[in-house]
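Right, one structure below, let's go through it.
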Amino acid sequence: MLFASDHTTGKDVKAMEEDGFSLTDTEIPTVVTETDKMKMRLAKSGEDISYFGDGLSDAQIEAMAGSTAMAQHIESALNTVNIPVTENNVKDITETANMMEELHTPDEGSMKYMLDNELPVTTANLYKAEFSGSATYAGMQQMTDLDYDALKQQIEAVISESGMDVNEQNMADGRWLIENGIPLTAENLEKLSTLQQLQLPLGEEEIVAVSAEAISDGIRPQDVVLSGNDFKDQAQDALDVITNVTDEELAYVVNSGEPLTIENLKKAADEIKNKDTKVSAAADKTAYTKSGLDLLTARRQLEETRLKMTSEANLSLLKKGISIDTMELSQLVEELKTQENEYYSRLLSGDGIAPKEADVALFRNVMDTSEALKAMPAYALGIHPVDETTLQSLYEDGAALKDTFEKAGERYETMMTAPRQDMGDSISKAFRNVDDILKDLDLETSYGNQRAVRILAYNQMELTPENIAEMKAADEEVQRAFDHLKPAVVRTMIKEGMNPLDMSFEEINTVSEQIQEEQGITEEEKFSKYLYKLEQNKEISEEERSAYIGVYRLIRQVEKTDGAAIGALLQQGGDITLRGLLTQVRSAKHSAMDYQVDDDFGGVQTKEGAGISITEQIEGAYQKNRLSDVKDGLVPEKIAPFMEDEKWLSMTPEELADAMKEVEQEEETEAAYRKEQVQELSRAAAAPQEVYEWLEQLDMPATVNRVLAAADYMNNRNQVFNRLFKMADRSENLSEELENIKEKIFSDFAEAVKTPKEMAEAQRKLADTAENVMKTMMMSEDNLTSLDLQELKMMHTQIALGSAAAKKEEYAVPVLVQGETCNVSLKIVRGEEKKGLVDIVFETDRLGRVAAQLRAGKEKISGYIAAESKETTALFESYAKEWENLFAQEPGQEVSISYMTGEIKKDGIRHNTEAFSKNPDKPEEKNPSDMEIQTKTLYGMAESFLKAVKSLER
């Protein structure tokens, strides 16, 4: 968690959201994987990535750095590589810079120390060499010219084999190595050259930049290798060569018989430019000759390299020591694929189990296919019916059509739509009468209808209202699939044994929505962000804020009808506008609405099925999908232009969705919101170790929300129930039922303390109640804030932790003690045969913290009850006789309870089953009848203690 905190910025949070992950609900290993991916994306960028202070304040940075200039260098360098300005990062850079300040250009003693000890050229090692190696260096044993002549050929051979030039300097270096008793190897020659070229100390700005880059790569700054190479320029240069290589240059390399490498392609470009050489790239283009086949193979390798290569991928390979300029393209592509596979492999990994190679390959293929399909001709949608089309088959159709267009040198409209997309003059001219056609058919000249006509026309299909509606709906299914096929969704599909390549687009969308609902960014988080943005806008009035919240809730209510409102409107012959849909939702509260959108049928149906044409049914299903688009893109700034005079109400879902796409998102408030999330990550990283240990015991992977919820719970166990009752009391729809809600929860748990199964059921009912309170608050509370939603989310997560704990027989039981609602933590610990114990801890304002342990032996019940105040202990002792009778599980059973006063930890007194098992690694199988008796005894003791606590009410 600490590593993630020191490496995650608002920019990373944005990238995670684009990949379908929530920072606060995603397991930390996945957060790190996504963060690493983002660092690679930004390695080449040079874009502005200021984060509105993701970490320390300017004053804090300056205090740690020692000067204003140093502080500015550190902040700038960390921002450049997209790393937060945290205390750990500033400290690491400052320490490295201080160490560097004491260094000088390496002398012969330092260089010999580095080479003798085979040390990488890092700041830390150079420091050791200067202050240890130089002091003990006794000089070298001079080699005579005669000895040198005898070894000259051997030195030349080593230099030549290493790929270095056989020149005077390298020969002298070889002689120096031998004279100093250092093995003459290519590696030592290269390291000696690096040491000789170092000019130390590096400037303050340079060492800070190198240190920030190291942190970005997950390396301690003083351990980063100082190579003197500018990998960024080399990475970008390699990409430029691959991007711009011509057929003539490719043919030159193939015809020369040289390996197909970036270096040779660069040489070919220089040769052709300088000598005005003309090489025919078309001579053997179709001939079945060796040179023709070699050229075709080279083209395929070049295209595959172009698909895989990015500047950031090149940079990563260079940092691993891979020479991308001299490696053959076929090998380079494999390296690029391997690097890409590392990302997918890490996402698929779980529980320490390495994913199957086939699953990693499928993951990569799905993402590559989806990405490539976006840039293919949209007209491929008309080749086969979309309900018979899979992701793979549409890709194949699109690839063939793309090849046709490119051979003809013609432009085309891409599969993926984009705001303000420029189709070019040639496409506009070819389809210049589209609006006239739509008007003749009495159809809206909407973007969706226009695009459907173009796709149908290209495929020479009949232009009818029904065909246009079908094509528009098919196109929308594909667009939604593009949006849904994010790494977070594809990962789950593959883990569950699905192959997205073989699924229809309707299947992809249906499954994706289910996955997103269960695992993606939650509705609570989306609404919290919506409220946060409203709260940051100081220019809107309270009345306007209420109106914005009303829009969000009403659109959610319509969307939740799953097409019923659209079906009702169509049945009544009404236009599918937001006003009409909202009217249907409101009327549905007073009468049953028996309409639905049936996905199998592809349209809207009524129970009676009368009066709706096929075209209307298709249009209804299409508008239902566009309503989902509105809901998914709903943020205050995008709906704002349509709030005046309630313009949005007169729009169809299609019109509103298209209009919202054209509105720019407000980046400043987006960045501020992400900053809040990064700060939550920092708070989670600072949580006590016991929080992480508890989550591990519950088999609950650490996420930001879980860590914060667990820490809050362990700090104040009563908060979860108090929070639930407080929120229910605030809700106008629930406040009157508050006492009933409380009584039901108290009684459910009181009656359930008998068996694990009954306790699990009580926990499930509690979770349902909490869910109902949260949903009711979200959809009806007038003064709801983003902080309220965070509190509701915290409560929901804590109850989920309670459900996980219940599986381990650890329970949080709500009990009313002296007028206070308190959370009594019970842990059932089973021992051998019928023995075991119950660990108990609770806290109230009046009694303070209380811990108890009741132990079931063969013959008697024993244990103790401890309190932090003498008054509480005295109170308990006054009930001693009554409680001992209560604790006895059988008539006349001996009970021995001690009462004590002392400091109690927040988690009370904890034990685990190892204390009661002869072999904790392999517990003995218990006799079923013993288990039943043990359960009855232990849960009976727990129930007795709860009754004892309740008796304090008298």
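Chain lettering (A, B, ...) mirrors the order of the structure tokens, residue numbering begins at 1 for each chain separately, and ligand numbering begins at 1 in order of display.
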Which residues are close to range 550-558 of chain A, i.e. within 7 Å by only C-alpha atoms, leaving aside same-chain residues fewer than 4 positions away? Reply as a ChimeraX atom specification.
/A:546,565,581-582,585,631,779
Write out, as a PDB file, in the first residue's frame, the residues just selected, with N, CA and C atoms.
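Result file follows (part.pdb):
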ATOM      1  N   SER A 546     -30.302  21.818  -6.269  1.00  0.00           N
ATOM      2  CA  SER A 546     -31.397  20.849  -6.128  1.00  0.00           C
ATOM      3  C   SER A 546     -31.896  20.393  -7.489  1.00  0.00           C
ATOM      4  N   ALA A 565     -40.796   2.426 -19.237  1.00  0.00           N
ATOM      5  CA  ALA A 565     -41.330   3.766 -19.528  1.00  0.00           C
ATOM      6  C   ALA A 565     -41.386   4.014 -21.033  1.00  0.00           C
ATOM      7  N   LEU A 581     -40.871  10.427 -20.726  1.00  0.00           N
ATOM      8  CA  LEU A 581     -40.394   9.299 -19.925  1.00  0.00           C
ATOM      9  C   LEU A 581     -40.560   9.579 -18.430  1.00  0.00           C
ATOM     10  N   LEU A 582     -40.270  10.793 -18.016  1.00  0.00           N
ATOM     11  CA  LEU A 582     -40.421  11.143 -16.601  1.00  0.00           C
ATOM     12  C   LEU A 582     -41.891  11.103 -16.178  1.00  0.00           C
ATOM     13  N   VAL A 585     -42.705   7.567 -15.512  1.00  0.00           N
ATOM     14  CA  VAL A 585     -42.134   7.089 -14.250  1.00  0.00           C
ATOM     15  C   VAL A 585     -42.981   7.551 -13.072  1.00  0.00           C
ATOM     16  N   LYS A 631     -26.832   8.346 -18.877  1.00  0.00           N
ATOM     17  CA  LYS A 631     -26.554   8.052 -17.459  1.00  0.00           C
ATOM     18  C   LYS A 631     -25.060   7.898 -17.215  1.00  0.00           C
ATOM     19  N   MET A 779     -31.626   8.453  -3.417  1.00  0.00           N
ATOM     20  CA  MET A 779     -32.681   8.835  -4.343  1.00  0.00           C
ATOM     21  C   MET A 779     -33.693   9.819  -3.760  1.00  0.00           C
TER      22      MET A 779
END
Within range 507-668 of chain A, find each residue whose DSSP state, derived from the backbone, is strand (DSSP E or B), and express the selection as a list in words.
Tyr595, Gln596, Val597, Asp598, Gly603, Val604, Gln605 and Thr606 of chain A
Just the residues within 7 Å of Arg306 in chain A, please, counting only C-alpha atoms, with nothing from its chain fewer than 3 positions along; format it as a list of chain:residue names.
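Listing them by chain and then by number gives A:Ile242, A:Thr243, A:Leu302, A:Glu303, A:Met309.
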For the residues in that selection, give me C-alpha atoms as a PDB file, in the first residue's frame.
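What landed in result_18.pdb:
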ATOM      1  CA  ILE A 242       9.689   2.605 -37.836  1.00  0.00           C
ATOM      2  CA  THR A 243       6.844   5.080 -38.393  1.00  0.00           C
ATOM      3  CA  LEU A 302       7.315  -3.863 -40.226  1.00  0.00           C
ATOM      4  CA  GLU A 303       3.518  -3.606 -39.895  1.00  0.00           C
ATOM      5  CA  MET A 309       5.832  -0.146 -30.862  1.00  0.00           C
TER       6      MET A 309
END
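Nearest-residue note for Lys533 in chain A: choosing from A:Lys407, A:Arg545, A:Arg300, A:Lys808, the minimum distance belongs to A:Arg545, counting only C-alpha atoms.
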Would you mind listing what lies within 10 Å of Lys744 in chain A as a PyMOL selection string, with only C-alpha atoms counted and same-chain residues fewer than 5 positions away left out?
chain A and resi 738-739+749-750+765-766+769
Residues within 9 Å of range 150-167 of chain A, only C-alpha atoms, excluding chain neighbours under 5 positions, as a list of chain:residue names
A:Asp145, A:Ala172, A:Gly174, A:Arg175, A:Leu184, A:Thr185, A:Ala186, A:Glu187, A:Leu189, A:Glu190
Atoms to include: C-alpha atoms. Write the selected residues as a short mmCIF file (atom, residue, chain, number, x, y, z; two decimals), in the first residue's frame.
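The resulting file, selection09.cif, is reproduced below:
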data_model
loop_
_atom_site.label_atom_id
_atom_site.label_comp_id
_atom_site.auth_asym_id
_atom_site.auth_seq_id
_atom_site.Cartn_x
_atom_site.Cartn_y
_atom_site.Cartn_z
CA ASP A 145 55.61 -2.62 -24.96
CA ALA A 172 44.44 1.78 -24.30
CA GLY A 174 42.14 -2.88 -22.79
CA ARG A 175 45.79 -2.43 -21.79
CA LEU A 184 39.46 -8.16 -20.21
CA THR A 185 35.76 -8.54 -21.13
CA ALA A 186 33.31 -6.59 -23.24
CA GLU A 187 31.35 -5.74 -20.08
CA LEU A 189 35.43 -2.34 -21.37
CA GLU A 190 31.96 -0.80 -21.55
#
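The shortest atom-to-atom distance to Glu477 in chain A, with only C-alpha atoms taken into account, belongs to A:Met416 out of A:Met416, A:Glu517, A:Glu496, A:Ile28.
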Ala728 in chain A: which residues within 12 Å, counting only C-alpha atoms, same-chain residues fewer than 2 positions away excluded, as a compact mmCIF listing (two decimals) with N, CA, C and O atoms, in the first residue's frame?
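Just written: out_15.txt:
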# COMPACT_ATOMS: atom_id res chain seq x y z
N PHE A 721 -23.21 0.85 13.59
CA PHE A 721 -24.64 0.85 13.86
C PHE A 721 -25.17 2.27 14.09
O PHE A 721 -26.26 2.61 13.64
N ASN A 722 -24.38 3.08 14.79
CA ASN A 722 -24.80 4.47 15.00
C ASN A 722 -24.94 5.21 13.67
O ASN A 722 -25.83 6.03 13.48
N ARG A 723 -24.01 4.91 12.74
CA ARG A 723 -24.05 5.54 11.42
C ARG A 723 -25.30 5.11 10.67
O ARG A 723 -25.98 5.92 10.05
N LEU A 724 -25.63 3.84 10.76
CA LEU A 724 -26.82 3.32 10.08
C LEU A 724 -28.08 3.97 10.63
O LEU A 724 -28.94 4.44 9.86
N PHE A 725 -28.19 4.05 11.96
CA PHE A 725 -29.40 4.62 12.56
C PHE A 725 -29.48 6.12 12.32
O PHE A 725 -30.56 6.67 12.13
N LYS A 726 -28.33 6.80 12.32
CA LYS A 726 -28.31 8.25 12.08
C LYS A 726 -28.82 8.55 10.66
O LYS A 726 -29.63 9.47 10.46
N ARG A 730 -32.29 10.53 9.32
CA ARG A 730 -32.26 11.72 8.45
C ARG A 730 -33.21 11.58 7.27
O ARG A 730 -33.70 12.57 6.74
N SER A 731 -33.43 10.34 6.83
CA SER A 731 -34.25 10.13 5.64
C SER A 731 -35.73 10.32 5.95
O SER A 731 -36.26 9.71 6.87
N GLU A 732 -36.37 11.17 5.15
CA GLU A 732 -37.79 11.46 5.35
C GLU A 732 -38.61 10.19 5.19
O GLU A 732 -39.61 9.98 5.87
N ASN A 733 -38.17 9.30 4.28
CA ASN A 733 -38.92 8.08 4.01
C ASN A 733 -38.69 6.99 5.05
O ASN A 733 -39.42 6.01 5.10
N LEU A 734 -37.62 7.13 5.87
CA LEU A 734 -37.28 6.07 6.81
C LEU A 734 -37.39 6.48 8.27
O LEU A 734 -37.45 5.63 9.15
N SER A 735 -37.39 7.79 8.54
CA SER A 735 -37.31 8.26 9.93
C SER A 735 -38.46 7.73 10.78
O SER A 735 -38.27 7.41 11.96
N GLU A 736 -39.66 7.66 10.19
CA GLU A 736 -40.81 7.18 10.97
C GLU A 736 -40.68 5.70 11.32
O GLU A 736 -41.26 5.23 12.29
N GLU A 737 -39.89 4.99 10.52
CA GLU A 737 -39.73 3.55 10.76
C GLU A 737 -38.48 3.26 11.58
O GLU A 737 -38.13 2.09 11.79
N LEU A 738 -37.77 4.31 12.04
CA LEU A 738 -36.47 4.11 12.67
C LEU A 738 -36.53 3.14 13.84
O LEU A 738 -35.71 2.21 13.94
N GLU A 739 -37.49 3.35 14.74
CA GLU A 739 -37.57 2.47 15.90
C GLU A 739 -37.83 1.03 15.51
O GLU A 739 -37.29 0.09 16.11
N ASN A 740 -38.66 0.85 14.48
CA ASN A 740 -38.92 -0.51 13.99
C ASN A 740 -37.65 -1.13 13.40
O ASN A 740 -37.39 -2.32 13.58
N ILE A 741 -36.89 -0.30 12.66
CA ILE A 741 -35.64 -0.78 12.07
C ILE A 741 -34.68 -1.23 13.17
O ILE A 741 -34.09 -2.31 13.12
N LYS A 742 -34.54 -0.38 14.21
CA LYS A 742 -33.65 -0.71 15.32
C LYS A 742 -34.09 -2.01 16.00
O LYS A 742 -33.29 -2.92 16.21
N THR A 769 -30.71 -4.22 5.03
CA THR A 769 -31.22 -2.98 5.64
C THR A 769 -30.31 -1.80 5.30
O THR A 769 -30.78 -0.71 4.93
N ALA A 770 -29.01 -2.02 5.42
CA ALA A 770 -28.05 -0.95 5.11
C ALA A 770 -28.14 -0.54 3.65
O ALA A 770 -28.08 0.65 3.31
N GLU A 771 -28.29 -1.54 2.77
CA GLU A 771 -28.42 -1.26 1.34
C GLU A 771 -29.66 -0.41 1.07
O GLU A 771 -29.63 0.55 0.29
N ASN A 772 -30.75 -0.75 1.74
CA ASN A 772 -32.00 -0.01 1.56
C ASN A 772 -31.86 1.43 2.05
O ASN A 772 -32.32 2.37 1.39
N VAL A 773 -31.19 1.61 3.20
CA VAL A 773 -30.97 2.97 3.72
C VAL A 773 -30.14 3.78 2.74
O VAL A 773 -30.46 4.94 2.44
N MET A 774 -29.08 3.17 2.21
CA MET A 774 -28.20 3.88 1.29
C MET A 774 -28.94 4.27 0.00
O MET A 774 -28.85 5.42 -0.45
N LYS A 775 -29.66 3.32 -0.58
CA LYS A 775 -30.37 3.61 -1.84
C LYS A 775 -31.47 4.67 -1.62
O LYS A 775 -31.68 5.54 -2.45
N THR A 776 -32.16 4.56 -0.47
CA THR A 776 -33.22 5.53 -0.17
C THR A 776 -32.63 6.93 -0.02
O THR A 776 -33.17 7.91 -0.54
N MET A 777 -31.51 7.03 0.69
CA MET A 777 -30.85 8.33 0.86
C MET A 777 -30.41 8.89 -0.48
O MET A 777 -30.57 10.08 -0.77
N MET A 778 -29.85 8.05 -1.32
CA MET A 778 -29.35 8.50 -2.62
C MET A 778 -30.45 9.06 -3.50
O MET A 778 -30.26 10.05 -4.22
N SER A 780 -33.60 10.15 -2.46
CA SER A 780 -34.65 11.02 -1.91
C SER A 780 -34.17 12.10 -0.94
O SER A 780 -34.87 13.09 -0.74
N GLU A 781 -33.01 11.96 -0.31
CA GLU A 781 -32.57 12.91 0.71
C GLU A 781 -32.28 14.27 0.08
O GLU A 781 -31.47 14.39 -0.85
N LEU A 792 -21.94 6.72 3.98
CA LEU A 792 -22.79 5.57 3.65
C LEU A 792 -21.96 4.44 3.06
O LEU A 792 -22.18 3.26 3.36
Near Thr261 in chain A, within 9 Å and counting only C-alpha atoms, which residues show up once chain neighbours fewer than 4 positions away are dropped, as a PyMOL selection string?
chain A and resi 253+265-266+324-330+332
As an exercise, work out the distance from CA of Val245 in chain A to CA of Asn264 in chain A in Å and give it to one decimal place.
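A separation of 11.1 Å between them.
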Using only C-alpha atoms, find each residue in range 157-198 of chain A having at least one atom no more than 12 Å away from range 105-109 of chain A; report its shortest atom-to-atom pair and that distance in Å (one decimal), rows by chain then rising number, as a tab-separated table.
residue	atom	partner	partner_atom	distance
A:Asp173	CA	A:Glu108	CA	11.7
A:Trp176	CA	A:Glu108	CA	9.8
A:Leu177	CA	A:Glu108	CA	10.7
A:Glu179	CA	A:Glu108	CA	11.9
A:Asn180	CA	A:Glu108	CA	9.7
A:Leu192	CA	A:Glu108	CA	10.0
A:Ser193	CA	A:Pro106	CA	11.5
A:Thr194	CA	A:Pro106	CA	10.4
A:Leu195	CA	A:Pro106	CA	6.7
A:Gln196	CA	A:Pro106	CA	7.2
A:Gln197	CA	A:Thr105	CA	8.7
A:Leu198	CA	A:Thr105	CA	6.3
Taking C-alpha atoms for each residue, export the selection above as a PDB file, in the first residue's frame.
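Full text of out19.pdb as output:
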ATOM      1  CA  ASP A 173      41.471   0.800 -22.103  1.00  0.00           C
ATOM      2  CA  TRP A 176      44.741  -0.586 -18.579  1.00  0.00           C
ATOM      3  CA  LEU A 177      42.427  -3.422 -17.558  1.00  0.00           C
ATOM      4  CA  GLU A 179      47.734  -3.874 -16.136  1.00  0.00           C
ATOM      5  CA  ASN A 180      45.311  -3.546 -13.196  1.00  0.00           C
ATOM      6  CA  LEU A 192      35.342   1.525 -17.923  1.00  0.00           C
ATOM      7  CA  SER A 193      34.232   3.724 -20.821  1.00  0.00           C
ATOM      8  CA  THR A 194      31.161   4.807 -18.850  1.00  0.00           C
ATOM      9  CA  LEU A 195      33.286   5.652 -15.773  1.00  0.00           C
ATOM     10  CA  GLN A 196      35.753   7.652 -17.849  1.00  0.00           C
ATOM     11  CA  GLN A 197      32.974   9.724 -19.399  1.00  0.00           C
ATOM     12  CA  LEU A 198      31.289  10.565 -16.096  1.00  0.00           C
TER      13      LEU A 198
END
Which one of A:Val90, A:Thr755, A:Asp36, A:Pro84 sits closest to Gln679 in chain A if you count only C-alpha atoms?
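Checking each candidate against Gln679 in chain A, we get A:Pro84 as the closest.
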Would you compute the distance between CA of Ser587 in chain A and CA of Ile566 in chain A? Give it in Å to one decimal.
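Going from CA of Ser587 in chain A over to CA of Ile566 in chain A covers 13.0 Å.
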Interatomic distance, CA of Glu791 in chain A to CA of Val13 in chain A (Å, one decimal):
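Straight-line distance from CA of Glu791 in chain A to CA of Val13 in chain A works out to 21.2 Å.
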